[in-house]
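J.: Have a look at this one.
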2 protein chains.
Amino acid sequence: MKLTADEMGDMPAEEFRQYGHQLVEWVADFLTRINDIPAFPDVQPRDIQRKLPTTPPAKGETMEDILADIDRVVMPGMAHWNHPRCFAYFNSSGSGPGILGELLSAAFNVNSMLWHSCPAATELEEVTLDWLRQMLHLPREFWGVIYDGGSTSTMHAIAAAREQLVDLKIRELGLAGRPEVPRLRIYTSEHGHSSIDKASVALGLGLESVRRVAVDDAYRMLPHALDEAIGEDRRSGVLPFCVVATVGTTSCTSLDPIAEIADICERERLWLHVDGAHGGAAAILPEMQSLFEGWERADSIVVNPHKWLFVPLDLSVLYTRKRDALRGAFSLTPEYLRTAQGEEVTNYMDYGIPLGRRFRALKLWFVLRYFGVEGVAGRIRKHLALARQFAEQVDSHMNFERLAPVPLSTVCFRAHPAGMDDEESLNQLNEELLQAINRSGQAFLSHTKLSGRYVLRLVISQLRTEESHIHSFWQLAQQTLKAVQAETTPGFEQWQG
Amino acid sequence: MKLTADEMGDMPAEEFRQYGHQLVEWVADFLTRINDIPAFPDVQPRDIQRKLPTTPPAKGETMEDILADIDRVVMPGMAHWNHPRCFAYFNSSGSGPGILGELLSAAFNVNSMLWHSCPAATELEEVTLDWLRQMLHLPREFWGVIYDGGSTSTMHAIAAAREQLVDLKIRELGLAGRPEVPRLRIYTSEHGHSSIDKASVALGLGLESVRRVAVDDAYRMLPHALDEAIGEDRRSGVLPFCVVATVGTTSCTSLDPIAEIADICERERLWLHVDGAHGGAAAILPEMQSLFEGWERADSIVVNPHKWLFVPLDLSVLYTRKRDALRGAFSLTPEYLRTAQGEEVTNYMDYGIPLGRRFRALKLWFVLRYFGVEGVAGRIRKHLALARQFAEQVDSHMNFERLAPVPLSTVCFRAHPAGMDDEESLNQLNEELLQAINRSGQAFLSHTKLSGRYVLRLVISQLRTEESHIHSFWQLAQQTLKAVQAETTPGFEQWQG
């Protein structure tokens, strides 16, 4: 068979070397100068799209041209999650060792669905997840599996909880058209994550199966309200089966009182899933243990190393002490996936929907080894300290106020200029402030609402964030507030003067 | 704040440069010499685990030590999916441009859940998926979204199909405890993928909701059998809602007659989902269009660029002409994810469970540009030709036989020595043959069963596979058969003499 150029295999090795080195230099420069790059882009919808051809190239292009388009097309449209002043959402840090781990993982490009399909990938996943379990101070009974994200982990946890209702034979018969299957109920606080609702939709339980339990003034689930809700549901013929407690809610990182919730779950025989997707990382710190008290009694726990553990997206871990329930829901082996190994190996495909499983454990292994337990803990500890410092500055400023406790490293605050007390005006002012801050490119920030109030969330969990970045952000926030007020209040600047 | 070493940020840039370059060299060497590396490892369960500490390191380690462990710990346990003689499962090619795209994606480490959370990632996803749509000769109405794998794509497609039953209000109320919701039915052929069953479990429909339709002697769904099954279900009060047709079944890449199935789906008003996770890639070739006739009438189609389009894991695309149904099932925006942009932008989180979405479009963009449409098509065309060649060799060999047609690039065959006609013995012989081939490290192969017969599957879709690799595999298969027979049949070798 004589091959034409279009039938040749991969990029030649020499070319891979050349552009690999070029790209490593590009990335190193990018990470070095990232502090001076806008954290948030100044673009309008379709600005990026307009720079791209509407049809794919018929002939191959050079890597030279492709890499040039990173600067021409991609960079102007980037919101930089790896920026030291990225405080938005729950951000994610692509650390150096994590990036290198990802490079290697792409080069291997194996599928870890079965032990047999790549023994090293399966065993490294088991070992690194057990290391992380120990770091989180979780007992030996917890066994872990990697999924893409926290939403997927939580969906699988709720599916396992549902599978525990063995008499209902839901795996075999489903939920529809079966008069003997009652309506099912999941409980979470008013601040539980939206992924619980999405999971309930996917799992055929419906949005109404999620009951939101009231919180206290620190946004933590009220155990007595949970207790009452369960009782009420049981009396009306609804079947409670799962409680999702949160350690580190998305809006304000409140931590539900897990021990009390675990008591209720044990008494009521409900599956307790703990959502520690972001906040769970703080359990690595010995001094933070009290906030997590009781989570070791959970049936399942999600922690995302791609959030506050410096591992690039995506890598979420679901730990469970009821591995059999998860397996009972999802194990299903057609002939083409049968292997000679029996129970002595783990076939991760038995524990979920995904079959194409990348070698994600590599990057976690790189990160845990490079930083070490103390290095990971120290960086999280620094974030906690920076958040406390920032909270104090907000508290002592006459035109800003804090709107929630700061148990972890997220500060919920807003501008509240002296004399402006109308909530609607305050909401509008803060929305404008947020947009102006992002528009400046100096920081990337997101918001939430707490008790109807528009709140700015300063999430300090980026690996590259140092004290100086918080300091410059604080200057920026104050200056931007003045500018926004000057724009919206004619004569304001003179009056402030 | 004075920082200790344990509180410092990321790996220093100079170190990233040094080890980045070192790793690029390692990867280039690996890809250069991969032909001489065992495709499949000689390991027993826990061999890799035993080389690793049982506890995480307290102090950080050097990248020097970490990278050294790639050779010491990881490599001896690798099954190499990037190997030119990886013919197992539906393999995946991590091409050079794909690996470089992944490196960049990890360095950016953004989350493309919202347009706002990274405009470039969202718009590049839209543009590249539209390029791929054109390459696949699909009409403009198809809109795409990236998920991790085909199983996830199919689960979302079936969820969208379920959402189309609007009167049942499944999103709001779920399926349980509702006498007005009948049992629902999904149809797929006896050779449809196991992800359909897994999706039915997850979605609360139950395994029994999947009805397997009979196939013809080329393992293609029989439309009249589908028709009869639907009629039978309707008469017994079960509600048909979805048909999953396959173009490229997992066992033998048979292609269901989509046009006839589409006729039935239109008449019966059923959602037609086409599983082209692997085989869909062949639709890029103009000369293959007839095999895909009718798929342009599907409601949704899954194609995995991480299978036969040279993009590293993971990247699956779900195309649908009913974007609103998918969105109707999964759109749910809590306050902390609200943005200023309205309908003029795509927020990909509205279309599924995953919220943490990597910048996967980058690697697809790199691959499509580097190879170009003709380069991608040429490589697939070469695989098709190699498979035909191999099939002919099998057909003309007295001790081997082919067990299925070869519409794409997968050859299902087995050893069938003259005179050995007991099916059980043949199955045992072929299982031993497979294991001996893998044990040799010379190739990585997997199996299936067709009509009760143990079948070796030669899947030719690795980017690096050339004619010489097929040739050496064929020699290996013949020699290994002799060796296996010699072992199991005393005196065989003399007899063969």
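Here, A, B, ... name the chains of the structure tokens in the order displayed, residue numbers run from 1 inside each chain, and ligands are numbered from 1 in the same displayed order.
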Within 7 Å of Pro97 (chain A), counting only C-alpha atoms, which residues show up once you throw out same-chain ones fewer than 4 positions away? Write them as a PDB file with C-alpha atoms, in the first residue's frame, please.
T.:
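Result went into result.pdb, see below:
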```
ATOM      1  CA  GLY A 101       0.434  15.372  34.643  1.00  0.00           C
ATOM      2  CA  PHE A 366       1.805  14.596  40.490  1.00  0.00           C
ATOM      3  CA  VAL A 367       0.163  17.340  42.562  1.00  0.00           C
ATOM      4  CA  TYR A 370       5.019  17.722  44.325  1.00  0.00           C
TER       5      TYR A 370
END
```
J.: Can you list, as a list in words, every protein, DNA or RNA residue that comes within 10 Å of His471 (chain A) when you count only C-alpha atoms, leaving out same-chain residues fewer than 4 positions away?
T.: Leu386, Gln389, Phe390, Gln393, Glu466, Glu467, Gln475, Leu476 and Ala477 of chain A
J.: Between B:Glu15, B:Glu287, B:Arg46, B:Arg178, single out the one closest to Val345 (chain A), counting only C-alpha atoms.
T.: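 Between B:Glu15, B:Glu287, B:Arg46, B:Arg178, the residue approaching Val345 (chain A) most closely is B:Arg46.
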J.: Can you pull out every residue from region 135-353 of chain A that DSSP, working from the backbone, puts in alpha helix (DSSP H), and format the result as a PyMOL selection string?
T.: chain A and resi 135+150-163+170-173+194-202+223-235+258-268+305-308+323-330
J.: What is the CA of Ser236 (chain A)-CA of Ala329 (chain B) distance in Å, reported with one decimal?
T.: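 Here the two named atoms are 27.8 Å from each other.
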J.: What lies within 7 Å of Glu141 (chain B) using only C-alpha atoms, ignoring chain neighbours under 2 positions off, as number ranges by chain?
T.: B: 139, 143, 321
J.: Hey, can you check how far CA of Asn109 (chain A) sits from CA of Asp314 (chain B)?
T.: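 That distance, rounded to one decimal, is 8.9 Å.
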J.: Among region 195-388 of chain B, which residues carry a DSSP assignment of strand (DSSP E or B), reported as a ChimeraX atom specification?
T.: /B:210-213,215,221,239-247,255,271-275,300-303,316-320
J.: May I have the selected residues written with N, CA and C atoms, as a tab-separated table (two decimals), in the first residue's frame?
T.:
```tsv
chain	number	residue	atom	x	y	z
B	210	VAL	N	-35.75	-1.22	28.31
B	210	VAL	CA	-35.01	-1.37	27.06
B	210	VAL	C	-35.44	-2.66	26.38
B	211	ARG	N	-35.99	-2.52	25.21
B	211	ARG	CA	-36.39	-3.71	24.46
B	211	ARG	C	-35.41	-3.92	23.32
B	212	ARG	N	-34.85	-5.10	23.30
B	212	ARG	CA	-33.83	-5.43	22.29
B	212	ARG	C	-34.49	-6.01	21.06
B	213	VAL	N	-34.27	-5.40	19.93
B	213	VAL	CA	-34.91	-5.81	18.68
B	213	VAL	C	-33.97	-6.76	17.92
B	215	VAL	N	-31.91	-8.85	15.04
B	215	VAL	CA	-31.05	-8.38	13.95
B	215	VAL	C	-31.04	-9.40	12.81
B	221	MET	N	-30.29	-4.13	12.84
B	221	MET	CA	-31.66	-4.16	13.36
B	221	MET	C	-32.66	-4.44	12.23
B	239	LEU	N	-45.62	2.77	26.88
B	239	LEU	CA	-45.47	3.94	26.02
B	239	LEU	C	-44.09	3.99	25.36
B	240	PRO	N	-44.03	3.68	24.06
B	240	PRO	CA	-42.76	3.81	23.33
B	240	PRO	C	-42.39	5.29	23.22
B	241	PHE	N	-41.11	5.61	23.39
B	241	PHE	CA	-40.73	7.04	23.25
B	241	PHE	C	-39.40	7.25	22.56
B	242	CYS	N	-38.59	6.20	22.42
B	242	CYS	CA	-37.24	6.43	21.89
B	242	CYS	C	-36.70	5.18	21.20
B	243	VAL	N	-36.02	5.39	20.08
B	243	VAL	CA	-35.31	4.30	19.41
B	243	VAL	C	-33.83	4.70	19.31
B	244	VAL	N	-32.96	3.80	19.73
B	244	VAL	CA	-31.52	4.04	19.55
B	244	VAL	C	-31.03	3.11	18.45
B	245	ALA	N	-30.70	3.70	17.31
B	245	ALA	CA	-30.12	2.94	16.20
B	245	ALA	C	-28.61	3.13	16.26
B	246	THR	N	-27.88	2.16	15.74
B	246	THR	CA	-26.42	2.21	15.86
B	246	THR	C	-25.77	2.17	14.49
B	247	VAL	N	-24.83	3.07	14.26
B	247	VAL	CA	-24.00	2.99	13.05
B	247	VAL	C	-22.59	2.65	13.52
B	255	LEU	N	-24.13	-1.64	10.84
B	255	LEU	CA	-24.85	-0.36	10.78
B	255	LEU	C	-26.33	-0.64	10.56
B	271	TRP	N	-38.56	9.53	19.35
B	271	TRP	CA	-37.25	10.17	19.26
B	271	TRP	C	-36.26	9.17	18.68
B	272	LEU	N	-35.55	9.56	17.64
B	272	LEU	CA	-34.53	8.68	17.07
B	272	LEU	C	-33.14	9.18	17.47
B	273	HIS	N	-32.47	8.37	18.28
B	273	HIS	CA	-31.09	8.68	18.65
B	273	HIS	C	-30.18	7.72	17.89
B	274	VAL	N	-29.16	8.26	17.23
B	274	VAL	CA	-28.24	7.41	16.48
B	274	VAL	C	-26.89	7.36	17.20
B	275	ASP	N	-26.49	6.16	17.56
B	275	ASP	CA	-25.21	5.97	18.23
B	275	ASP	C	-24.13	5.72	17.18
B	300	SER	N	-31.21	13.02	17.47
B	300	SER	CA	-29.89	13.23	18.09
B	300	SER	C	-28.93	12.16	17.58
B	301	ILE	N	-27.66	12.53	17.60
B	301	ILE	CA	-26.59	11.66	17.10
B	301	ILE	C	-25.39	11.84	18.02
B	302	VAL	N	-24.77	10.75	18.42
B	302	VAL	CA	-23.51	10.88	19.15
B	302	VAL	C	-22.35	10.39	18.28
B	303	VAL	N	-21.31	11.21	18.24
B	303	VAL	CA	-20.05	10.87	17.56
B	303	VAL	C	-18.92	11.23	18.54
B	316	SER	N	-16.67	13.57	23.55
B	316	SER	CA	-17.80	13.01	22.83
B	316	SER	C	-18.72	14.17	22.44
B	317	VAL	N	-19.32	14.08	21.27
B	317	VAL	CA	-20.22	15.16	20.84
B	317	VAL	C	-21.63	14.62	20.66
B	318	LEU	N	-22.58	15.28	21.27
B	318	LEU	CA	-23.98	14.98	21.02
B	318	LEU	C	-24.53	16.06	20.11
B	319	TYR	N	-24.98	15.65	18.92
B	319	TYR	CA	-25.67	16.59	18.03
B	319	TYR	C	-27.16	16.37	18.18
B	320	THR	N	-27.91	17.45	18.17
B	320	THR	CA	-29.36	17.31	18.18
B	320	THR	C	-30.01	18.41	17.37
```
J.: Suppose you want the space between CA of Val201 (chain A) and CA of Arg171 (chain B); what is it in Å?
T.: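 Atom-to-atom, CA of Val201 (chain A) and CA of Arg171 (chain B) are spaced 5.3 Å apart.
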J.: Tell me, as number ranges by chain, which residues lie within 10 Å of Ala218 (chain A), counting only C-alpha atoms; anything in the same chain fewer than 5 positions away does not count.
T.: A: 252-256, 403-407
J.: Save out the residues we just selected, N, CA and C atoms, as a short mmCIF file (atom, residue, chain, number, x, y, z; two decimals), in the first residue's frame.
T.:
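That gives us result05.cif:
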```
data_model
loop_
_atom_site.label_atom_id
_atom_site.label_comp_id
_atom_site.auth_asym_id
_atom_site.auth_seq_id
_atom_site.Cartn_x
_atom_site.Cartn_y
_atom_site.Cartn_z
N CYS A 252 -21.97 30.91 50.10
CA CYS A 252 -21.21 31.54 51.20
C CYS A 252 -20.39 30.55 52.01
N THR A 253 -20.17 29.33 51.50
CA THR A 253 -19.37 28.29 52.16
C THR A 253 -19.80 27.98 53.59
N SER A 254 -21.09 28.11 53.87
CA SER A 254 -21.58 27.65 55.18
C SER A 254 -21.43 26.14 55.25
N LEU A 255 -21.23 25.63 56.47
CA LEU A 255 -21.08 24.19 56.67
C LEU A 255 -22.25 23.68 57.52
N ASP A 256 -23.02 22.77 56.96
CA ASP A 256 -24.14 22.21 57.71
C ASP A 256 -23.61 21.42 58.91
N LEU A 403 -21.67 40.11 54.56
CA LEU A 403 -23.04 39.62 54.67
C LEU A 403 -23.13 38.16 55.11
N ALA A 404 -22.00 37.56 55.43
CA ALA A 404 -22.04 36.17 55.93
C ALA A 404 -20.77 35.89 56.71
N PRO A 405 -20.83 34.93 57.61
CA PRO A 405 -19.59 34.50 58.29
C PRO A 405 -18.59 33.97 57.26
N VAL A 406 -17.34 33.87 57.68
CA VAL A 406 -16.29 33.38 56.78
C VAL A 406 -15.65 32.12 57.38
N PRO A 407 -16.36 31.00 57.30
CA PRO A 407 -15.80 29.78 57.89
C PRO A 407 -14.63 29.23 57.08
#
```
J.: Using only C-alpha atoms, can you tell me which of A:Phe359, A:Gln22, A:Arg50, A:Asp42 comes closest to Met63 (chain A)?
T.: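 Closest candidate: A:Gln22.
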J.: Within 12 Å of Glu14 (chain B), counting only C-alpha atoms, which residues show up once you throw out same-chain ones fewer than 6 positions away? Write them as a ChimeraX atom specification, please.
T.: /A:24-25,27-29,31-32,96 /B:20-21
J.: Write out as a ChimeraX atom specification which residues come within 12 Å of region 267-269 of chain A when counting only C-alpha atoms, dropping same-chain ones fewer than 4 positions away.
T.: /A:161,164-165,226-231,234,239-243,260-263,298-299
J.: Could you save those same residues with N, CA and C atoms as a CSV table (one decimal), in the first residue's frame?
T.:
```csv
chain,number,residue,atom,x,y,z
A,161,ALA,N,-28.0,5.8,46.6
A,161,ALA,CA,-29.0,5.9,47.7
A,161,ALA,C,-30.3,5.3,47.2
A,164,GLN,N,-30.3,1.6,47.3
A,164,GLN,CA,-30.4,1.0,48.6
A,164,GLN,C,-31.9,0.6,48.9
A,165,LEU,N,-32.8,1.1,48.2
A,165,LEU,CA,-34.2,0.8,48.4
A,165,LEU,C,-34.5,-0.5,47.6
A,226,LEU,N,-35.1,19.7,59.4
A,226,LEU,CA,-35.0,18.5,58.6
A,226,LEU,C,-35.8,17.4,59.2
A,227,ASP,N,-35.7,17.3,60.5
A,227,ASP,CA,-36.5,16.2,61.3
A,227,ASP,C,-38.0,16.4,61.0
A,228,GLU,N,-38.4,17.6,61.1
A,228,GLU,CA,-39.9,17.9,60.9
A,228,GLU,C,-40.3,17.5,59.5
A,229,ALA,N,-39.4,17.9,58.5
A,229,ALA,CA,-39.8,17.7,57.1
A,229,ALA,C,-39.9,16.2,56.9
A,230,ILE,N,-39.0,15.4,57.4
A,230,ILE,CA,-39.0,14.0,57.2
A,230,ILE,C,-40.3,13.4,57.8
A,231,GLY,N,-40.6,13.8,59.0
A,231,GLY,CA,-41.8,13.3,59.7
A,231,GLY,C,-43.1,13.7,58.9
A,234,ARG,N,-43.2,11.4,55.8
A,234,ARG,CA,-43.6,10.1,56.1
A,234,ARG,C,-45.1,10.0,56.4
A,239,LEU,N,-41.7,8.8,50.5
A,239,LEU,CA,-40.6,8.0,51.1
A,239,LEU,C,-39.3,8.7,51.1
A,240,PRO,N,-38.9,9.2,52.3
A,240,PRO,CA,-37.5,9.8,52.4
A,240,PRO,C,-36.5,8.8,52.2
A,241,PHE,N,-35.4,9.2,51.4
A,241,PHE,CA,-34.3,8.2,51.2
A,241,PHE,C,-32.9,8.7,51.2
A,242,CYS,N,-32.8,10.1,51.2
A,242,CYS,CA,-31.5,10.6,51.0
A,242,CYS,C,-31.4,12.1,51.6
A,243,VAL,N,-30.3,12.4,52.3
A,243,VAL,CA,-30.1,13.8,52.7
A,243,VAL,C,-28.8,14.2,52.1
A,260,GLU,N,-25.1,16.3,63.7
A,260,GLU,CA,-26.6,16.3,64.1
A,260,GLU,C,-27.4,15.7,62.9
A,261,ILE,N,-27.0,16.0,61.7
A,261,ILE,CA,-27.7,15.5,60.5
A,261,ILE,C,-27.5,14.0,60.4
A,262,ALA,N,-26.2,13.6,60.7
A,262,ALA,CA,-25.9,12.1,60.7
A,262,ALA,C,-26.8,11.4,61.7
A,263,ASP,N,-27.0,12.0,62.9
A,263,ASP,CA,-27.9,11.3,63.9
A,263,ASP,C,-29.2,11.1,63.3
A,298,ALA,N,-20.9,9.7,57.1
A,298,ALA,CA,-21.7,9.8,55.8
A,298,ALA,C,-21.6,8.5,55.0
A,299,ASP,N,-22.6,8.3,54.2
A,299,ASP,CA,-22.6,7.1,53.3
A,299,ASP,C,-21.7,7.5,52.0
```
J.: Considering only C-alpha atoms, return as a PyMOL selection string whatever protein or nucleic-acid residues lie within 8 Å of region 330-344 of chain A, sequence-local ones (same chain, fewer than 4 positions apart) excluded.
T.: (chain A and resi 116+326+349-353) or (chain B and resi 45+89+194+198+201+250-251+446-449)
J.: Residues as selected, N, CA and C atoms, written as a compact mmCIF listing (two decimals), in the first residue's frame, can you do that?
T.:
```txt
# COMPACT_ATOMS: atom_id res chain seq x y z
N HIS A 116 -8.07 -4.39 33.35
CA HIS A 116 -7.42 -4.98 32.19
C HIS A 116 -7.11 -3.95 31.10
N LEU A 326 -23.30 1.39 45.03
CA LEU A 326 -22.95 2.10 43.79
C LEU A 326 -22.77 1.08 42.67
N MET A 349 -15.48 1.00 35.59
CA MET A 349 -16.70 1.18 34.80
C MET A 349 -17.93 0.61 35.53
N ASP A 350 -17.69 -0.28 36.52
CA ASP A 350 -18.81 -0.85 37.26
C ASP A 350 -19.49 0.16 38.17
N TYR A 351 -18.89 1.33 38.32
CA TYR A 351 -19.38 2.26 39.33
C TYR A 351 -19.99 3.53 38.72
N GLY A 352 -20.45 3.43 37.51
CA GLY A 352 -21.06 4.64 36.98
C GLY A 352 -21.40 4.59 35.51
N ILE A 353 -21.91 5.70 35.03
CA ILE A 353 -22.27 5.86 33.63
C ILE A 353 -21.04 5.89 32.73
N PRO B 45 -2.57 -8.44 39.25
CA PRO B 45 -3.23 -7.47 40.13
C PRO B 45 -2.34 -7.08 41.32
N TYR B 89 -10.97 -3.06 21.95
CA TYR B 89 -12.14 -2.22 22.21
C TYR B 89 -12.42 -1.35 20.98
N SER B 194 -24.24 -1.17 25.70
CA SER B 194 -24.67 -1.31 27.09
C SER B 194 -24.94 0.04 27.77
N LYS B 198 -27.47 1.26 30.85
CA LYS B 198 -27.02 2.05 32.01
C LYS B 198 -27.82 3.35 32.11
N VAL B 201 -31.17 2.71 33.59
CA VAL B 201 -31.10 2.56 35.05
C VAL B 201 -31.03 3.95 35.69
N THR B 250 -20.78 -2.17 18.70
CA THR B 250 -19.51 -2.40 19.38
C THR B 250 -18.89 -3.74 19.01
N SER B 251 -19.70 -4.76 18.90
CA SER B 251 -19.12 -6.07 18.61
C SER B 251 -18.53 -6.14 17.21
N SER B 446 -9.03 -7.32 21.88
CA SER B 446 -10.12 -7.74 22.76
C SER B 446 -11.12 -8.57 21.95
N HIS B 447 -12.14 -9.03 22.63
CA HIS B 447 -13.02 -10.03 22.02
C HIS B 447 -14.49 -9.63 22.11
N THR B 448 -15.34 -10.44 21.52
CA THR B 448 -16.77 -10.36 21.77
C THR B 448 -17.33 -11.75 21.52
N LYS B 449 -18.64 -11.87 21.63
CA LYS B 449 -19.27 -13.10 21.17
C LYS B 449 -20.31 -12.74 20.12
```
J.: Which of these residues is nearest to Lys363 (chain B), using only C-alpha atoms: A:Leu173, A:Leu67, A:Ala5, A:Val43?
T.: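 Closest to Lys363 (chain B) of all the choices is A:Leu67.
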J.: Taking only C-alpha atoms into account, name the residue in A:Leu205, A:Leu138, A:Leu445, A:Val145 that is nearest to chain B.
T.: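 Looking only at the distances to chain B, the closest residue turns out to be A:Leu205.
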